[in-house]
Amino acid sequence: MPAKRLLLLCGDFAEDYETMVPFQALKAVGHRVEAVCPDKRAGDSIATAIHDFEGDQTYSEKPGHRFTLNADFATVEPADYDGLVIAGGRAPEYLRLNDKVIALVRHFFSADKPVAAICHGAQLLAAARVLEGRTCSAYPACRPEVELAGGRYADIAVDDAVTDGKLVTAPAWPAHPAWLAQFLSVLGTRIEH
């Protein structure tokens, strides 16, 4: 299968692993991944945050790495991409307020292209109103948003993922093996062991 051109949507305080791991893993299998953030250009960076599960009522948050973007958000043409990846963390909380981000997310659904969203990425899907009738996993605190948007919340293990058509979602970064494997399958990528 030929390499796909994928758009990674992220922003300041996106979850570190949920930004860097898909960016690197999808590139490692031959796909072209362009990471963008509103109001930033290629070469700019975002601050990431590490979310950890340490036995508290919710995740803890620590400073992550600087992640360098490799494309300009202002020049993104969604029609030029074969799929979309939405990083979780705190970024989706404010990215969903950007009309161009919402239009971009809607494009991938109206064009029936593969979309992978993890953790709080469901906040963008809910705001874009693309979850009606779809099964979607997310960090458990996002369950009300998934359901209010007309989606069916998939209450799955933190290391699992779910695919509904061309939408692949997972609760958090421990699901990377399942989430990325399912997204690669939707993309038509064959991995040799």
# chains A, B, ... in the order shown; residues from 1 in each chain; ligands from 1
call {"tool": "residues_around", "arguments": {"residues": "region 106-113 of chain A", "least_positions_apart": "3", "cutoff": "7 Å", "atoms": "only C-alpha atoms", "output": "list in words"}}
result
Pro78, Asp82, Gly83, Ile102, Ala103, Ala128, Val130 and Lys166 of chain A
call {"tool": "select_by_dssp", "arguments": {"residues": "chain A", "states": "alpha helix (DSSP H)", "output": "ChimeraX atom specification"}}
result
/A:16-28,91-95,99-110,122-127,143-148,176-187
call {"tool": "residues_around", "arguments": {"residues": "Val29 (chain A)", "least_positions_apart": "6", "cutoff": "12 Å", "atoms": "only C-alpha atoms", "output": "ChimeraX atom specification"}}
result
/A:1-4,22-23,180-181,184,187-193
call {"tool": "residues_around", "arguments": {"residues": "region 70-74 of chain A", "least_positions_apart": "2", "cutoff": "9 Å", "atoms": "only C-alpha atoms", "output": "number ranges by chain"}}
result
A: 9, 33-44, 68, 76-77
call {"tool": "closest_residue", "arguments": {"among": "A:Ala91, A:Val146, A:Ile118, A:Val105", "to": "Trp179 (chain A)", "atoms": "only C-alpha atoms"}}
result
A:Ile118
call {"tool": "closest_residue", "arguments": {"among": "A:Cys142, A:Ala116, A:Leu148, A:Met20", "to": "Ala178 (chain A)", "atoms": "only C-alpha atoms"}}
result
A:Ala116
call {"tool": "select_by_dssp", "arguments": {"residues": "region 5-152 of chain A", "states": "strand (DSSP E or B)", "output": "PyMOL selection string"}}
result
chain A and resi 5-9+14-15+32-36+45-52+60-68+83-86+89+115-118+135-136+152
call {"tool": "atom_distance", "arguments": {"atom1": "CA of Ile86 (chain A)", "atom2": "CA of Val115 (chain A)"}}
result
7.8 Å
call {"tool": "decode", "arguments": {"residues": "region 121-140 of chain A", "atoms": "N, CA, C and O atoms", "output": "PDB file, in the first residue's frame"}}
result
ATOM      1  N   GLY A 121      -9.198  13.971  22.728  1.00  0.00           N
ATOM      2  CA  GLY A 121      -9.476  14.280  21.326  1.00  0.00           C
ATOM      3  C   GLY A 121     -10.962  14.220  21.024  1.00  0.00           C
ATOM      4  O   GLY A 121     -11.455  14.884  20.105  1.00  0.00           O
ATOM      5  N   ALA A 122     -11.704  13.437  21.804  1.00  0.00           N
ATOM      6  CA  ALA A 122     -13.155  13.346  21.620  1.00  0.00           C
ATOM      7  C   ALA A 122     -13.836  14.691  21.835  1.00  0.00           C
ATOM      8  O   ALA A 122     -14.933  14.928  21.308  1.00  0.00           O
ATOM      9  N   GLN A 123     -13.209  15.594  22.577  1.00  0.00           N
ATOM     10  CA  GLN A 123     -13.787  16.926  22.755  1.00  0.00           C
ATOM     11  C   GLN A 123     -13.897  17.649  21.417  1.00  0.00           C
ATOM     12  O   GLN A 123     -14.868  18.361  21.167  1.00  0.00           O
ATOM     13  N   LEU A 124     -12.909  17.470  20.548  1.00  0.00           N
ATOM     14  CA  LEU A 124     -12.973  18.071  19.214  1.00  0.00           C
ATOM     15  C   LEU A 124     -14.053  17.409  18.365  1.00  0.00           C
ATOM     16  O   LEU A 124     -14.771  18.082  17.630  1.00  0.00           O
ATOM     17  N   LEU A 125     -14.159  16.090  18.465  1.00  0.00           N
ATOM     18  CA  LEU A 125     -15.173  15.375  17.696  1.00  0.00           C
ATOM     19  C   LEU A 125     -16.577  15.799  18.127  1.00  0.00           C
ATOM     20  O   LEU A 125     -17.453  16.006  17.282  1.00  0.00           O
ATOM     21  N   ALA A 126     -16.775  15.951  19.423  1.00  0.00           N
ATOM     22  CA  ALA A 126     -18.078  16.377  19.931  1.00  0.00           C
ATOM     23  C   ALA A 126     -18.404  17.795  19.462  1.00  0.00           C
ATOM     24  O   ALA A 126     -19.512  18.067  19.003  1.00  0.00           O
ATOM     25  N   ALA A 127     -17.435  18.698  19.562  1.00  0.00           N
ATOM     26  CA  ALA A 127     -17.654  20.086  19.149  1.00  0.00           C
ATOM     27  C   ALA A 127     -17.926  20.192  17.657  1.00  0.00           C
ATOM     28  O   ALA A 127     -18.684  21.060  17.215  1.00  0.00           O
ATOM     29  N   ALA A 128     -17.316  19.310  16.871  1.00  0.00           N
ATOM     30  CA  ALA A 128     -17.524  19.314  15.422  1.00  0.00           C
ATOM     31  C   ALA A 128     -18.838  18.635  15.032  1.00  0.00           C
ATOM     32  O   ALA A 128     -19.213  18.633  13.869  1.00  0.00           O
ATOM     33  N   ARG A 129     -19.502  18.040  16.015  1.00  0.00           N
ATOM     34  CA  ARG A 129     -20.792  17.373  15.798  1.00  0.00           C
ATOM     35  C   ARG A 129     -20.694  16.250  14.761  1.00  0.00           C
ATOM     36  O   ARG A 129     -21.527  16.135  13.876  1.00  0.00           O
ATOM     37  N   VAL A 130     -19.667  15.405  14.952  1.00  0.00           N
ATOM     38  CA  VAL A 130     -19.468  14.279  14.028  1.00  0.00           C
ATOM     39  C   VAL A 130     -19.659  12.929  14.710  1.00  0.00           C
ATOM     40  O   VAL A 130     -19.392  11.889  14.111  1.00  0.00           O
ATOM     41  N   LEU A 131     -20.139  12.932  15.945  1.00  0.00           N
ATOM     42  CA  LEU A 131     -20.258  11.680  16.700  1.00  0.00           C
ATOM     43  C   LEU A 131     -21.656  11.069  16.663  1.00  0.00           C
ATOM     44  O   LEU A 131     -21.839   9.945  17.158  1.00  0.00           O
ATOM     45  N   GLU A 132     -22.626  11.738  16.107  1.00  0.00           N
ATOM     46  CA  GLU A 132     -24.002  11.232  16.087  1.00  0.00           C
ATOM     47  C   GLU A 132     -24.039   9.795  15.566  1.00  0.00           C
ATOM     48  O   GLU A 132     -23.622   9.508  14.449  1.00  0.00           O
ATOM     49  N   GLY A 133     -24.495   8.861  16.427  1.00  0.00           N
ATOM     50  CA  GLY A 133     -24.638   7.458  16.033  1.00  0.00           C
ATOM     51  C   GLY A 133     -23.350   6.663  15.981  1.00  0.00           C
ATOM     52  O   GLY A 133     -23.360   5.497  15.629  1.00  0.00           O
ATOM     53  N   ARG A 134     -22.229   7.264  16.334  1.00  0.00           N
ATOM     54  CA  ARG A 134     -20.933   6.577  16.271  1.00  0.00           C
ATOM     55  C   ARG A 134     -20.502   6.098  17.654  1.00  0.00           C
ATOM     56  O   ARG A 134     -20.801   6.728  18.653  1.00  0.00           O
ATOM     57  N   THR A 135     -19.750   5.009  17.657  1.00  0.00           N
ATOM     58  CA  THR A 135     -19.131   4.522  18.889  1.00  0.00           C
ATOM     59  C   THR A 135     -17.776   5.193  19.025  1.00  0.00           C
ATOM     60  O   THR A 135     -16.980   5.207  18.083  1.00  0.00           O
ATOM     61  N   CYS A 136     -17.511   5.746  20.211  1.00  0.00           N
ATOM     62  CA  CYS A 136     -16.289   6.508  20.434  1.00  0.00           C
ATOM     63  C   CYS A 136     -15.793   6.267  21.850  1.00  0.00           C
ATOM     64  O   CYS A 136     -16.554   6.388  22.809  1.00  0.00           O
ATOM     65  N   SER A 137     -14.525   5.970  21.987  1.00  0.00           N
ATOM     66  CA  SER A 137     -13.897   5.902  23.289  1.00  0.00           C
ATOM     67  C   SER A 137     -13.172   7.219  23.531  1.00  0.00           C
ATOM     68  O   SER A 137     -12.902   7.979  22.610  1.00  0.00           O
ATOM     69  N   ALA A 138     -12.860   7.472  24.782  1.00  0.00           N
ATOM     70  CA  ALA A 138     -12.167   8.693  25.179  1.00  0.00           C
ATOM     71  C   ALA A 138     -11.778   8.533  26.639  1.00  0.00           C
ATOM     72  O   ALA A 138     -12.178   7.563  27.294  1.00  0.00           O
ATOM     73  N   TYR A 139     -11.022   9.498  27.143  1.00  0.00           N
ATOM     74  CA  TYR A 139     -10.775   9.508  28.575  1.00  0.00           C
ATOM     75  C   TYR A 139     -12.146   9.550  29.254  1.00  0.00           C
ATOM     76  O   TYR A 139     -13.039  10.277  28.809  1.00  0.00           O
ATOM     77  N   PRO A 140     -12.358   8.778  30.329  1.00  0.00           N
ATOM     78  CA  PRO A 140     -13.694   8.676  30.928  1.00  0.00           C
ATOM     79  C   PRO A 140     -14.352  10.016  31.263  1.00  0.00           C
ATOM     80  O   PRO A 140     -15.576  10.136  31.177  1.00  0.00           O
TER      81      PRO A 140
END
